[in-house]
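Content type PDB, C-alpha atoms, from the file start-v7.pdb:
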ATOM      1  CA  MET A 728      55.049 -29.486 -51.332  1.00  0.00           C
ATOM      2  CA  SER A 729      51.897 -29.710 -53.116  1.00  0.00           C
ATOM      3  CA  GLY A 730      48.469 -28.564 -51.990  1.00  0.00           C
ATOM      4  CA  GLY A 731      47.400 -32.110 -51.130  1.00  0.00           C
ATOM      5  CA  GLU A 732      50.348 -32.603 -48.855  1.00  0.00           C
ATOM      6  CA  VAL A 733      49.685 -29.312 -47.029  1.00  0.00           C
ATOM      7  CA  ALA A 734      46.048 -30.279 -46.633  1.00  0.00           C
ATOM      8  CA  GLY A 735      47.084 -33.704 -45.253  1.00  0.00           C
ATOM      9  CA  ILE A 736      49.447 -32.084 -42.751  1.00  0.00           C
ATOM     10  CA  LEU A 737      46.721 -29.633 -41.622  1.00  0.00           C
ATOM     11  CA  VAL A 738      44.225 -32.474 -41.171  1.00  0.00           C
ATOM     12  CA  ALA A 739      46.806 -34.507 -39.190  1.00  0.00           C
ATOM     13  CA  VAL A 740      47.585 -31.511 -36.908  1.00  0.00           C
ATOM     14  CA  PHE A 741      43.872 -30.847 -36.459  1.00  0.00           C
ATOM     15  CA  TRP A 742      43.253 -34.485 -35.458  1.00  0.00           C
ATOM     16  CA  ALA A 743      46.212 -34.433 -33.065  1.00  0.00           C
ATOM     17  CA  ILE A 744      44.874 -31.305 -31.332  1.00  0.00           C
ATOM     18  CA  LEU A 745      41.374 -32.781 -31.203  1.00  0.00           C
ATOM     19  CA  VAL A 746      42.642 -36.061 -29.700  1.00  0.00           C
ATOM     20  CA  SER A 747      44.684 -34.062 -27.106  1.00  0.00           C
ATOM     21  CA  PHE A 748      41.610 -32.076 -26.037  1.00  0.00           C
ATOM     22  CA  LEU A 749      39.542 -35.249 -25.848  1.00  0.00           C
ATOM     23  CA  ALA A 750      42.254 -36.967 -23.768  1.00  0.00           C
ATOM     24  CA  VAL A 751      42.363 -34.031 -21.306  1.00  0.00           C
ATOM     25  CA  ALA A 752      38.536 -33.993 -21.089  1.00  0.00           C
ATOM     26  CA  LEU A 753      38.438 -37.756 -20.495  1.00  0.00           C
ATOM     27  CA  ALA A 754      41.129 -37.489 -17.812  1.00  0.00           C
ATOM     28  CA  ARG A 755      39.176 -34.777 -15.985  1.00  0.00           C
ATOM     29  CA  LEU A 756      35.949 -36.779 -16.330  1.00  0.00           C
ATOM     30  CA  ALA A 757      37.684 -39.834 -14.872  1.00  0.00           C
ATOM     31  CA  GLN A 758      38.978 -37.715 -11.964  1.00  0.00           C
ATOM     32  CA  THR A 759      35.453 -36.348 -11.359  1.00  0.00           C
ATOM     33  CA  LEU A 760      33.984 -39.863 -11.438  1.00  0.00           C
ATOM     34  CA  ARG A 761      36.594 -41.070  -8.896  1.00  0.00           C
ATOM     35  CA  ALA A 762      35.766 -38.153  -6.584  1.00  0.00           C
ATOM     36  CA  THR A 763      32.044 -38.797  -6.978  1.00  0.00           C
ATOM     37  CA  THR A 764      32.497 -42.496  -6.211  1.00  0.00           C
ATOM     38  CA  LYS A 765      34.496 -41.645  -3.083  1.00  0.00           C
ATOM     39  CA  LEU A 766      31.842 -39.118  -1.986  1.00  0.00           C
ATOM     40  CA  VAL A 767      29.018 -41.635  -2.453  1.00  0.00           C
ATOM     41  CA  ALA A 768      30.974 -44.239  -0.481  1.00  0.00           C
ATOM     42  CA  ASP A 769      31.584 -41.754   2.361  1.00  0.00           C
ATOM     43  CA  VAL A 770      27.922 -40.708   2.422  1.00  0.00           C
ATOM     44  CA  THR A 771      26.861 -44.351   2.491  1.00  0.00           C
ATOM     45  CA  ASP A 772      29.260 -45.073   5.352  1.00  0.00           C
ATOM     46  CA  GLN A 773      27.799 -42.163   7.351  1.00  0.00           C
ATOM     47  CA  ALA A 774      24.160 -42.634   6.333  1.00  0.00           C
ATOM     48  CA  VAL A 775      23.844 -46.263   7.418  1.00  0.00           C
ATOM     49  CA  PRO A 776      24.594 -45.530  11.111  1.00  0.00           C
ATOM     50  CA  LEU A 777      22.371 -42.446  10.989  1.00  0.00           C
ATOM     51  CA  LEU A 778      19.509 -44.497   9.600  1.00  0.00           C
ATOM     52  CA  ALA A 779      20.054 -47.126  12.297  1.00  0.00           C
ATOM     53  CA  ASP A 780      20.005 -44.383  14.974  1.00  0.00           C
ATOM     54  CA  ALA A 781      16.870 -42.853  13.480  1.00  0.00           C
ATOM     55  CA  SER A 782      15.172 -46.239  13.421  1.00  0.00           C
ATOM     56  CA  ALA A 783      16.080 -46.805  17.083  1.00  0.00           C
ATOM     57  CA  ALA A 784      14.770 -43.331  17.972  1.00  0.00           C
ATOM     58  CA  VAL A 785      11.476 -44.037  16.213  1.00  0.00           C
ATOM     59  CA  ARG A 786      11.134 -47.358  18.049  1.00  0.00           C
ATOM     60  CA  SER A 787      11.874 -45.631  21.364  1.00  0.00           C
ATOM     61  CA  ALA A 788       9.351 -42.895  20.605  1.00  0.00           C
ATOM     62  CA  GLN A 789       6.721 -45.530  19.793  1.00  0.00           C
ATOM     63  CA  THR A 790       7.410 -47.251  23.110  1.00  0.00           C
ATOM     64  CA  GLN A 791       7.057 -43.949  24.967  1.00  0.00           C
ATOM     65  CA  ILE A 792       3.826 -43.155  23.114  1.00  0.00           C
ATOM     66  CA  ASP A 793       2.441 -46.544  24.134  1.00  0.00           C
ATOM     67  CA  ARG A 794       3.354 -45.810  27.753  1.00  0.00           C
ATOM     68  CA  VAL A 795       1.753 -42.361  27.622  1.00  0.00           C
ATOM     69  CA  ASP A 796      -1.372 -43.893  26.099  1.00  0.00           C
ATOM     70  CA  ALA A 797      -1.568 -46.409  28.943  1.00  0.00           C
ATOM     71  CA  ILE A 798      -1.084 -43.626  31.502  1.00  0.00           C
ATOM     72  CA  ALA A 799      -3.767 -41.489  29.852  1.00  0.00           C
ATOM     73  CA  SER A 800      -6.272 -44.349  29.908  1.00  0.00           C
ATOM     74  CA  ASP A 801      -5.463 -44.984  33.589  1.00  0.00           C
ATOM     75  CA  VAL A 802      -5.967 -41.291  34.372  1.00  0.00           C
ATOM     76  CA  GLN A 803      -9.280 -41.351  32.549  1.00  0.00           C
ATOM     77  CA  GLU A 804     -10.379 -44.378  34.574  1.00  0.00           C
ATOM     78  CA  VAL A 805      -9.301 -42.721  37.849  1.00  0.00           C
ATOM     79  CA  THR A 806     -11.174 -39.550  36.870  1.00  0.00           C
ATOM     80  CA  SER A 807     -14.376 -41.451  36.165  1.00  0.00           C
ATOM     81  CA  ASN A 808     -14.005 -43.368  39.460  1.00  0.00           C
ATOM     82  CA  ALA A 809     -13.465 -40.108  41.372  1.00  0.00           C
ATOM     83  CA  SER A 810     -16.514 -38.586  39.717  1.00  0.00           C
ATOM     84  CA  ALA A 811     -18.629 -41.586  40.613  1.00  0.00           C
ATOM     85  CA  LEU A 812     -17.316 -41.512  44.189  1.00  0.00           C
ATOM     86  CA  SER A 813     -18.043 -37.801  44.548  1.00  0.00           C
ATOM     87  CA  THR A 814     -21.579 -38.329  43.219  1.00  0.00           C
ATOM     88  CA  THR A 815     -22.105 -41.203  45.649  1.00  0.00           C
ATOM     89  CA  VAL A 816     -20.801 -39.198  48.618  1.00  0.00           C
ATOM     90  CA  ALA A 817     -22.892 -36.185  47.666  1.00  0.00           C
ATOM     91  CA  SER A 818     -26.059 -38.243  47.347  1.00  0.00           C
ATOM     92  CA  THR A 819     -25.383 -40.269  50.502  1.00  0.00           C
ATOM     93  CA  PHE A 820     -24.346 -37.486  52.859  1.00  0.00           C
ATOM     94  CA  GLY A 821     -25.547 -34.356  51.096  1.00  0.00           C
ATOM     95  CA  GLY A 822     -29.284 -34.760  51.584  1.00  0.00           C
ATOM     96  CA  PRO A 823     -29.193 -35.767  55.256  1.00  0.00           C
ATOM     97  CA  LEU A 824     -26.615 -33.080  56.092  1.00  0.00           C
ATOM     98  CA  VAL A 825     -28.752 -30.394  54.495  1.00  0.00           C
ATOM     99  CA  LYS A 826     -31.775 -31.613  56.434  1.00  0.00           C
ATOM    100  CA  VAL A 827     -29.848 -31.650  59.729  1.00  0.00           C
ATOM    101  CA  ALA A 828     -28.486 -28.154  59.052  1.00  0.00           C
ATOM    102  CA  ALA A 829     -31.963 -26.849  58.206  1.00  0.00           C
ATOM    103  CA  PHE A 830     -33.399 -28.449  61.331  1.00  0.00           C
ATOM    104  CA  GLY A 831     -30.626 -26.937  63.471  1.00  0.00           C
ATOM    105  CA  TYR A 832     -31.195 -23.532  61.922  1.00  0.00           C
ATOM    106  CA  GLY A 833     -34.935 -23.768  62.557  1.00  0.00           C
ATOM    107  CA  VAL A 834     -34.387 -24.787  66.184  1.00  0.00           C
ATOM    108  CA  ARG A 835     -31.914 -21.931  66.756  1.00  0.00           C
ATOM    109  CA  ARG A 836     -34.247 -19.486  65.133  1.00  0.00           C
ATOM    110  CA  ALA A 837     -37.190 -20.714  67.144  1.00  0.00           C
ATOM    111  CA  LEU A 838     -35.293 -20.669  70.434  1.00  0.00           C
ATOM    112  CA  GLY A 839     -33.340 -17.490  69.748  1.00  0.00           C
ATOM    113  CA  GLY A 840     -36.258 -15.349  68.674  1.00  0.00           C
ATOM    114  CA  ARG A 841     -38.550 -16.216  71.626  1.00  0.00           C
ATOM    115  CA  ARG A 842     -37.610 -14.688  74.959  1.00  0.00           C
ATOM    116  CA  GLU A 843     -40.087 -14.701  77.746  1.00  0.00           C
ATOM    117  CA  ASP A 844     -39.282 -11.236  79.044  1.00  0.00           C
ATOM    118  CA  VAL A 845     -39.716  -9.557  75.643  1.00  0.00           C
ATOM    119  CA  PRO A 846     -43.267  -9.394  74.282  1.00  0.00           C
ATOM    120  CA  VAL A 847     -43.868 -10.503  70.734  1.00  0.00           C
ATOM    121  CA  ARG A 848     -44.208  -7.432  68.528  1.00  0.00           C
ATOM    122  CA  GLU A 849     -46.805  -7.378  65.814  1.00  0.00           C
ATOM    123  CA  PRO A 850     -45.703  -6.001  62.469  1.00  0.00           C
ATOM    124  CA  ARG A 851     -47.018  -2.514  61.742  1.00  0.00           C
ATOM    125  CA  ARG A 852     -49.641  -2.315  59.091  1.00  0.00           C
ATOM    126  CA  THR A 853     -51.352   0.552  57.409  1.00  0.00           C
ATOM    127  CA  VAL A 854     -54.933   0.363  56.294  1.00  0.00           C
ATOM    128  CA  ILE A 855     -55.718   2.010  52.967  1.00  0.00           C
ATOM    129  CA  VAL A 856     -59.333   1.922  51.891  1.00  0.00           C
ATOM    130  CA  GLY A 857     -60.020  -1.469  53.350  1.00  0.00           C
ATOM    131  CA  ARG A 858     -56.667  -2.985  52.401  1.00  0.00           C
ATOM    132  CA  THR A 859     -53.771  -3.810  54.736  1.00  0.00           C
ATOM    133  CA  VAL A 860     -50.291  -2.831  53.477  1.00  0.00           C
ATOM    134  CA  SER A 861     -47.084  -4.065  55.117  1.00  0.00           C
ATOM    135  CA  ARG A 862     -43.928  -1.961  55.543  1.00  0.00           C
ATOM    136  CA  ARG A 863     -42.251  -3.671  52.631  1.00  0.00           C
ATOM    137  CA  GLU A 864     -45.075  -2.757  50.292  1.00  0.00           C
ATOM    138  CA  LYS A 865     -44.936   0.843  51.585  1.00  0.00           C
ATOM    139  CA  ARG A 866     -41.227   1.098  50.763  1.00  0.00           C
ATOM    140  CA  SER A 867     -41.672  -0.298  47.289  1.00  0.00           C
ATOM    141  CA  ALA A 868     -44.629   2.018  46.696  1.00  0.00           C
ATOM    142  CA  ARG A 869     -42.512   5.027  47.767  1.00  0.00           C
ATOM    143  CA  GLY A 870     -39.696   3.985  45.453  1.00  0.00           C
ATOM    144  CA  LYS A 871     -42.077   3.771  42.516  1.00  0.00           C
ATOM    145  CA  ARG A 872     -43.441   7.276  43.125  1.00  0.00           C
ATOM    146  CA  ASP A 873     -40.000   8.944  43.312  1.00  0.00           C
TER     147      ASP A 873
END
Could you quickly redo this structure as structure tokens?
Amino acid sequence: MSGGEVAGILVAVFWAILVSFLAVALARLAQTLRATTKLVADVTDQAVPLLADASAAVRSAQTQIDRVDAIASDVQEVTSNASALSTTVASTFGGPLVKVAAFGYGVRRALGGRREDVPVREPRRTVIVGRTVSRREKRSARGKRD
């Protein structure tokens, strides 16, 4: 065998090994692509119903939000009506009731404080250098000195 023949055999063996490695790599790549395709198909099969459920949930939530909004506006209207009613009742009955109560209190006070058998007592006063001082003023003057 000559050197050229040995070199040809080495190149042929090298190419055979290289082609074998490439064939194994391509086989594994094909297997990975098949698995990936199956995974994507499974995810798609599961994602479509989930998206449909999510869409239905969003629609339902929107419907409930619309209902809550309607309820809130009704509550606001009822609150304003109740406030107006309370203001009307207070202005209609409040003034006259206060006047009647004050009149009744005045009558009771006038009738209760005046008995015929008890003489009316004059409040005690003290004269200080030409000035009359009531008891209340005396007490406050004592408190200021202490």
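As for CA of Val775 (chain A) and CA of Asp793 (chain A), they are spaced 27.2 Å apart.
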Could you please determine the separation between CA of Ala797 (chain A) and CA of Ser813 (chain A) in Å, to one decimal place?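 Calculated distance between CA of Ala797 (chain A) and CA of Ser813 (chain A) is 24.3 Å.
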For the atom pair CA of Arg786 (chain A) and CA of Ala774 (chain A), what is the interatomic distance in Å to one decimal place? 18.1 Å
Let me know the centre plus edge lengths, in Å and rounded to one decimal, of a box with edges along x, y and z that contains all listed atoms of region 793-810 of chain A and is padded by 4 Å on every side, as lines of an AutoDock Vina configuration file.
center_x = -6.6
center_y = -42.6
center_z = 32.8
size_x = 27.9
size_y = 16.0
size_z = 25.2
